[in-house]
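Chemist: Structure file input_7.txt, compact mmCIF, C-alpha atoms, is pasted below:
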# COMPACT_ATOMS: atom_id res chain seq x y z
CA MET A 1 2.49 -4.38 23.80
CA HIS A 2 5.92 -5.90 23.29
CA PHE A 3 7.33 -6.78 19.84
CA ASP A 4 10.53 -8.83 19.49
CA VAL A 5 11.97 -8.73 15.97
CA PHE A 6 14.64 -11.23 14.94
CA THR A 7 16.56 -10.18 11.85
CA LEU A 8 19.89 -10.16 10.03
CA LEU A 9 19.41 -6.44 9.23
CA PRO A 10 18.62 -4.58 12.47
CA GLU A 11 19.69 -1.29 10.87
CA VAL A 12 16.51 -1.32 8.77
CA PHE A 13 14.21 -0.59 11.71
CA PRO A 14 15.25 2.58 13.63
CA ALA A 15 14.35 5.12 10.94
CA TYR A 16 10.72 4.02 10.76
CA LEU A 17 10.27 3.30 14.46
CA GLU A 18 11.65 6.74 15.39
CA THR A 19 9.01 8.71 13.51
CA SER A 20 5.40 9.76 13.91
CA ILE A 21 2.85 7.59 15.71
CA LEU A 22 5.17 4.69 16.48
CA LYS A 23 7.76 6.99 18.01
CA ARG A 24 5.17 8.61 20.28
CA ALA A 25 3.73 5.22 21.22
CA ARG A 26 7.18 3.99 22.24
CA GLU A 27 7.96 7.14 24.20
CA ARG A 28 4.69 6.79 26.11
CA GLY A 29 5.36 3.15 26.88
CA LEU A 30 2.37 1.92 24.86
CA ILE A 31 4.54 -0.33 22.71
CA GLN A 32 8.02 -1.74 23.09
CA VAL A 33 9.99 -2.89 20.05
CA ASP A 34 13.21 -4.82 20.62
CA VAL A 35 15.20 -5.66 17.50
CA HIS A 36 17.58 -8.61 17.87
CA ASN A 37 20.48 -9.28 15.50
CA LEU A 38 20.60 -12.99 14.69
CA ARG A 39 24.33 -12.71 13.96
CA ASN A 40 24.93 -12.16 17.68
CA TYR A 41 23.88 -15.77 18.24
CA THR A 42 26.54 -17.36 16.03
CA HIS A 43 29.79 -18.82 17.35
CA ASP A 44 32.23 -18.62 14.46
CA LYS A 45 34.48 -15.68 13.57
CA HIS A 46 32.50 -14.92 10.42
CA HIS A 47 29.10 -14.87 12.22
CA THR A 48 27.71 -17.30 9.67
CA THR A 49 23.91 -17.45 9.51
CA ASP A 50 23.40 -19.23 6.18
CA ASP A 51 24.69 -22.19 4.22
CA THR A 52 24.15 -23.96 0.90
CA PRO A 53 21.01 -26.08 0.58
CA TYR A 54 21.21 -29.85 0.86
CA GLY A 55 20.39 -31.41 -2.49
CA GLY A 56 21.77 -28.48 -4.45
CA GLY A 57 20.00 -25.52 -6.00
CA GLY A 58 20.47 -21.79 -6.06
CA GLY A 59 20.57 -19.41 -3.14
CA MET A 60 21.46 -19.86 0.52
CA VAL A 61 19.39 -21.11 3.45
CA MET A 62 19.22 -19.63 6.95
CA LYS A 63 20.79 -22.02 9.46
CA PRO A 64 18.70 -23.28 12.37
CA GLU A 65 21.26 -22.84 15.19
CA PRO A 66 21.34 -18.99 15.41
CA VAL A 67 17.56 -18.72 15.08
CA PHE A 68 16.79 -21.28 17.78
CA GLU A 69 19.43 -19.85 20.14
CA ALA A 70 18.24 -16.27 19.66
CA LEU A 71 14.58 -16.99 20.31
CA GLU A 72 15.26 -19.41 23.18
CA THR A 73 17.56 -16.85 24.80
CA ILE A 74 15.28 -13.82 24.42
CA LEU A 75 11.82 -15.31 24.89
CA PRO A 76 10.60 -16.98 28.09
CA PRO A 77 10.15 -20.75 27.83
CA PRO A 78 6.72 -21.72 26.55
CA GLY A 79 4.14 -22.48 29.22
CA PRO A 80 0.64 -21.67 30.44
CA GLU A 81 1.67 -18.11 31.32
CA SER A 82 3.77 -17.34 28.25
CA LYS A 83 2.27 -18.43 24.95
CA ILE A 84 4.01 -15.91 22.71
CA PRO A 85 3.17 -16.24 18.99
CA ILE A 86 6.34 -16.75 16.97
CA ILE A 87 5.51 -15.43 13.52
CA LEU A 88 7.58 -16.15 10.44
CA LEU A 89 7.19 -13.50 7.72
CA THR A 90 6.99 -15.58 4.55
CA PRO A 91 5.13 -15.63 1.22
CA GLN A 92 3.82 -19.06 2.27
CA GLY A 93 1.88 -17.64 5.24
CA ARG A 94 -1.76 -16.61 5.60
CA VAL A 95 -2.28 -13.25 3.90
CA PHE A 96 -2.27 -10.38 6.39
CA ASN A 97 -5.40 -8.27 6.73
CA GLN A 98 -7.21 -6.11 9.26
CA THR A 99 -8.88 -9.10 10.91
CA ILE A 100 -5.51 -10.73 11.56
CA ALA A 101 -4.12 -7.41 12.85
CA LYS A 102 -6.98 -7.24 15.36
CA GLU A 103 -6.45 -10.88 16.34
CA LEU A 104 -2.75 -10.31 17.00
CA SER A 105 -3.35 -7.06 18.90
CA ALA A 106 -4.92 -9.13 21.70
CA HIS A 107 -1.53 -10.65 22.57
CA PRO A 108 0.73 -8.83 25.05
CA ARG A 109 3.87 -9.95 23.18
CA LEU A 110 4.73 -11.06 19.64
CA ALA A 111 7.92 -12.44 18.13
CA LEU A 112 8.52 -11.62 14.45
CA LEU A 113 11.10 -13.67 12.55
CA CYS A 114 12.40 -12.09 9.34
CA GLY A 115 13.50 -14.57 6.70
CA ARG A 116 16.31 -13.87 4.22
CA TYR A 117 18.13 -15.53 1.35
CA GLU A 118 16.39 -18.47 -0.36
CA GLY A 119 14.53 -19.35 2.82
CA ILE A 120 14.91 -20.91 6.25
CA ASP A 121 15.87 -24.41 7.35
CA GLU A 122 12.57 -26.30 7.52
CA ARG A 123 13.24 -27.36 11.12
CA ILE A 124 12.72 -23.75 12.18
CA ARG A 125 9.27 -23.80 10.61
CA GLU A 126 8.38 -27.20 12.03
CA HIS A 127 9.67 -26.89 15.60
CA LEU A 128 9.88 -23.20 16.49
CA VAL A 129 7.46 -21.07 14.46
CA THR A 130 3.81 -21.01 15.59
CA ASP A 131 2.36 -18.85 12.79
CA GLU A 132 3.27 -17.75 9.27
CA ILE A 133 2.13 -14.49 7.71
CA SER A 134 2.48 -13.05 4.21
CA ILE A 135 1.76 -9.45 3.24
CA GLY A 136 0.75 -10.38 -0.29
CA ASP A 137 1.30 -12.59 -3.28
CA TYR A 138 4.70 -11.29 -4.30
CA VAL A 139 8.29 -11.88 -3.22
CA LEU A 140 10.53 -9.48 -1.28
CA THR A 141 14.20 -9.87 -0.43
CA GLY A 142 13.44 -10.34 3.26
CA GLY A 143 10.92 -10.15 6.07
CA GLU A 144 11.95 -6.77 7.46
CA ILE A 145 9.39 -4.66 5.59
CA PRO A 146 6.58 -7.12 6.39
CA ALA A 147 7.59 -7.00 10.06
CA LEU A 148 7.31 -3.20 10.06
CA ILE A 149 3.91 -3.46 8.39
CA LEU A 150 2.66 -5.79 11.12
CA ILE A 151 4.00 -3.54 13.89
CA ASP A 152 2.38 -0.46 12.35
CA ALA A 153 -1.00 -2.08 11.66
CA ILE A 154 -1.22 -3.77 15.07
CA ALA A 155 0.01 -0.77 17.08
CA ARG A 156 -2.73 1.44 15.62
CA LEU A 157 -5.33 -0.83 17.21
CA LEU A 158 -3.95 -0.53 20.73
CA PRO A 159 -5.63 1.81 23.24
CA ASN A 160 -4.33 5.41 23.25
CA VAL A 161 -1.85 4.92 20.38
CA LEU A 162 -3.86 7.14 18.03
CA GLY A 163 -4.77 10.68 19.04
CA ASP A 164 -8.39 10.05 18.07
CA PRO A 165 -9.78 7.19 20.19
CA THR A 166 -12.06 6.11 17.33
CA GLY A 167 -9.59 6.84 14.51
CA ALA A 168 -8.74 3.20 13.80
CA GLU A 169 -12.42 2.28 13.61
CA ASP A 170 -13.00 4.52 10.56
CA ASP A 171 -9.94 3.41 8.58
CA SER A 172 -10.36 1.56 5.32
CA HIS A 173 -10.86 -2.17 5.99
CA ALA A 174 -11.39 -1.61 9.73
CA MET A 175 -15.15 -1.32 9.25
CA GLY A 176 -15.23 -3.80 6.38
CA LEU A 177 -15.46 -1.01 3.79
CA LEU A 178 -13.12 1.41 2.10
CA GLU A 179 -13.00 4.75 3.88
CA TYR A 180 -15.12 7.73 2.83
CA PRO A 181 -13.39 10.79 1.25
CA HIS A 182 -11.89 13.51 3.43
CA TYR A 183 -11.75 17.29 2.94
CA THR A 184 -10.22 20.15 4.92
CA ARG A 185 -9.72 23.92 4.58
CA PRO A 186 -9.98 25.87 2.34
CA PRO A 187 -13.60 25.17 1.39
CA GLU A 188 -12.75 26.05 -2.23
CA PHE A 189 -9.45 25.35 -3.98
CA ARG A 190 -8.89 26.17 -7.68
CA GLY A 191 -12.62 26.23 -8.17
CA TRP A 192 -13.17 22.82 -6.57
CA ARG A 193 -15.46 23.00 -3.56
CA ALA A 194 -15.68 20.63 -0.68
CA PRO A 195 -19.14 18.99 -0.47
CA GLU A 196 -21.61 21.42 1.05
CA ILE A 197 -22.98 18.78 3.37
CA LEU A 198 -19.65 18.63 5.21
CA LEU A 199 -19.89 22.37 5.90
CA SER A 200 -23.52 22.18 7.04
CA GLY A 201 -22.93 21.21 10.65
CA ASP A 202 -25.73 18.62 10.41
CA HIS A 203 -23.97 15.62 11.93
CA ALA A 204 -26.71 13.11 11.13
CA LYS A 205 -26.65 14.02 7.45
CA ILE A 206 -22.84 14.01 7.44
CA GLU A 207 -22.74 10.49 8.91
CA LYS A 208 -25.26 9.29 6.34
CA TRP A 209 -23.23 10.86 3.51
CA ARG A 210 -20.01 9.31 4.78
CA ARG A 211 -21.58 5.88 5.05
CA GLU A 212 -22.94 6.08 1.52
CA GLN A 213 -19.63 7.33 0.18
CA ALA A 214 -17.84 4.40 1.85
CA LEU A 215 -20.36 1.99 0.38
CA GLU A 216 -20.05 3.48 -3.10
CA ARG A 217 -16.25 3.48 -3.03
CA THR A 218 -16.21 -0.14 -1.94
CA PHE A 219 -18.78 -1.05 -4.59
CA ARG A 220 -16.73 0.65 -7.33
CA LYS A 221 -13.21 -0.36 -6.24
CA ARG A 222 -13.46 -3.49 -4.07
CA PRO A 223 -16.85 -5.15 -4.55
CA ASP A 224 -15.42 -8.36 -3.10
CA MET A 225 -15.33 -6.70 0.33
CA LEU A 226 -19.10 -6.26 0.35
CA GLU A 227 -19.55 -10.02 0.60
CA LYS A 228 -18.13 -9.98 4.15
CA ALA A 229 -19.15 -6.49 5.30
CA GLU A 230 -21.86 -6.06 7.92
CA LEU A 231 -24.60 -4.26 5.99
CA THR A 232 -27.90 -2.85 7.14
CA GLU A 233 -31.03 -3.02 5.04
CA ALA A 234 -30.50 0.65 4.19
CA ASP A 235 -26.95 -0.16 3.05
CA LYS A 236 -28.20 -2.96 0.81
CA LYS A 237 -30.85 -0.72 -0.69
CA PHE A 238 -28.28 1.99 -1.40
CA ILE A 239 -25.91 -0.51 -3.05
CA GLN A 240 -28.75 -1.80 -5.19
CA SER A 241 -29.35 1.77 -6.40
CA LEU A 242 -25.76 1.85 -7.68
CA ARG A 243 -26.20 -1.14 -9.94
CA PRO A 244 -26.87 -0.45 -13.63
Would you kindly transcribe this structure into structure tokens?

Modeler:
Amino acid sequence: MHFDVFTLLPEVFPAYLETSILKRARERGLIQVDVHNLRNYTHDKHHTTDDTPYGGGGGMVMKPEPVFEALETILPPPGPESKIPIILLTPQGRVFNQTIAKELSAHPRLALLCGRYEGIDERIREHLVTDEISIGDYVLTGGEIPALILIDAIARLLPNVLGDPTGAEDDSHAMGLLEYPHYTRPPEFRGWRAPEILLSGDHAKIEKWRREQALERTFRKRPDMLEKAELTEADKKFIQSLRP
């Protein structure tokens, strides 16, 4: 999968992309991340990418010319064979979640546009951007961290990126529930033992325990998720047993 990131701060990205799972995925050719500096698409000696807003007000606004030129230079022209989502990272967008990550992972290429300053010229939103995504109901200084979040969450869903082929399926939110608790060696630490069932070798009982733990955690911490989760009759009966 190919990610194109358009930003005023390209130096933000290498440190995260050159570590751990994303680094290995890039080295193996499973993902490609190209970071493009919007300042390279300006034509004045100061590489100006922002200006004061019409009508007054505080802050600066990203100019349309560098953004349009950058994306139109880097991306193939739109057509039947190249419908690349152009995603603006903005607090006004639909709130990112695992379902959206899965949706976006089906595309071979994504363009991520990182906003800065007070915002972008509205003509970018109206005539260039095809989707808008927020990572939550709060304000950051720019779209760079949200872009990294999208790359990380989407890359994990691609074939062979994770060492465990089913690893992404068990993650919190991936199965519609919070994830069950994990334990590893030693079996006892400071008098606290790992659950005996996990040491039993009985895989059927372990799977049942994990499912119930996931259900209970979700019930206690994020009951809202249960409204959309796919639950069996056994799941519903177990949840009912948790109610006072």

Chemist: Report as JSON lines the residues of segment 127-220 of chain A within 10 Å of segment 20-41 of chain A, each with its shortest atom pair and distance in Å (one decimal), using only C-alpha atoms, ordered by chain and increasing residue number.

Modeler:
{"residue": "A:Ile151", "atom": "CA", "partner": "A:Val33", "partner_atom": "CA", "distance": 8.6}
{"residue": "A:Asp152", "atom": "CA", "partner": "A:Leu22", "partner_atom": "CA", "distance": 7.2}
{"residue": "A:Ala155", "atom": "CA", "partner": "A:Ile31", "partner_atom": "CA", "distance": 7.2}
{"residue": "A:Arg156", "atom": "CA", "partner": "A:Ile21", "partner_atom": "CA", "distance": 8.3}
{"residue": "A:Leu158", "atom": "CA", "partner": "A:Leu30", "partner_atom": "CA", "distance": 7.9}
{"residue": "A:Pro159", "atom": "CA", "partner": "A:Leu30", "partner_atom": "CA", "distance": 8.2}
{"residue": "A:Asn160", "atom": "CA", "partner": "A:Leu30", "partner_atom": "CA", "distance": 7.7}
{"residue": "A:Val161", "atom": "CA", "partner": "A:Ala25", "partner_atom": "CA", "distance": 5.7}
{"residue": "A:Leu162", "atom": "CA", "partner": "A:Ile21", "partner_atom": "CA", "distance": 7.1}
{"residue": "A:Gly163", "atom": "CA", "partner": "A:Ile21", "partner_atom": "CA", "distance": 8.9}

Chemist: Please identify all polymer residues within 9 Å of Asp137 of chain A, counting all atoms listed in the file, omitting same-chain residues fewer than 2 positions from it, and present them as a compact mmCIF listing (two decimals) with C-alpha atoms, in the coordinates of the input.

Modeler:
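Output (selection-v9.txt):
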# COMPACT_ATOMS: atom_id res chain seq x y z
CA PRO A 91 5.13 -15.63 1.22
CA GLN A 92 3.82 -19.06 2.27
CA VAL A 95 -2.28 -13.25 3.90
CA SER A 134 2.48 -13.05 4.21
CA ILE A 135 1.76 -9.45 3.24
CA VAL A 139 8.29 -11.88 -3.22

Chemist: Point out the residue among A:Leu113, A:Ala204, A:Ala101, A:Leu231 with the least atom-to-atom distance to Ile149 of chain A, counting all atoms listed in the file.

Modeler: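 Result for the nearest residue to Ile149 of chain A: A:Ala101.
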
Chemist: Taking only C-alpha atoms into account, which of A:Leu88, A:Gly142, A:Pro108, A:Lys205 comes nearest Thr130 of chain A?

Modeler: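 Nearest candidate to Thr130 of chain A out of A:Leu88, A:Gly142, A:Pro108, A:Lys205: A:Leu88.
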
Chemist: With distances taken over all atoms listed in the file, which residue among A:Ala153, A:Ala214, A:Leu198, A:Ile239 lies nearest Leu178 of chain A?

Modeler: A:Ala214

Chemist: Pick out the residues sitting within 12 Å of Tyr54 of chain A, and hand them over as a VMD selection string; count all atoms listed in the file, and ignore anything fewer than 5 positions along from it in its own chain.

Modeler: chain A and resid 59 to 61 63 121 to 122

Chemist: Could the residues in this selection be saved with C-alpha atoms as a tab-separated table (two decimals), in the frame of the given file?

Modeler:
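Below you can see selection-v7.tsv, which holds the result:
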chain	number	residue	atom	x	y	z
A	59	GLY	CA	20.57	-19.41	-3.14
A	60	MET	CA	21.46	-19.86	0.52
A	61	VAL	CA	19.39	-21.11	3.45
A	63	LYS	CA	20.79	-22.02	9.46
A	121	ASP	CA	15.87	-24.41	7.35
A	122	GLU	CA	12.57	-26.30	7.52

Chemist: Interatomic distance between atom CA of Ile145 of chain A and atom CA of Tyr16 of chain A?

Modeler: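 The value is 10.2 Å.
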
Chemist: Work out how far atom CA of Lys228 of chain A is from atom CA of His203 of chain A, in Å to one decimal.

Modeler: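 Interatomic distance here is 27.4 Å.
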
Chemist: Atom CA of Gly119 of chain A and atom CA of Asp50 of chain A are how many Å apart?

Modeler: 9.5 Å

Chemist: Using all atoms listed in the file, find the one residue out of A:Trp209, A:Phe6, A:Trp192, A:Phe238 that sits nearest to Thr73 of chain A.

Modeler: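 Selected residue with least distance to Thr73 of chain A: A:Phe6.
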
Chemist: Pick from A:Phe13, A:Phe3, A:Phe68, A:Tyr180: nearest to Gly143 of chain A, with only C-alpha atoms counted?

Modeler: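 Of all the options, A:Phe13 lies closest to Gly143 of chain A.
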
Chemist: Using all atoms listed in the file, determine which residues lie at most 7 Å from Pro85 of chain A, disregarding the query and same-chain residues fewer than 2 positions distant; provide the list as a count of residues only.

Modeler: 6

Chemist: Between A:Ala15, A:Val5, A:Leu150, A:Met62, which residue has the minimum interatomic distance to Ile86 of chain A, considering only C-alpha atoms?

Modeler: A:Val5
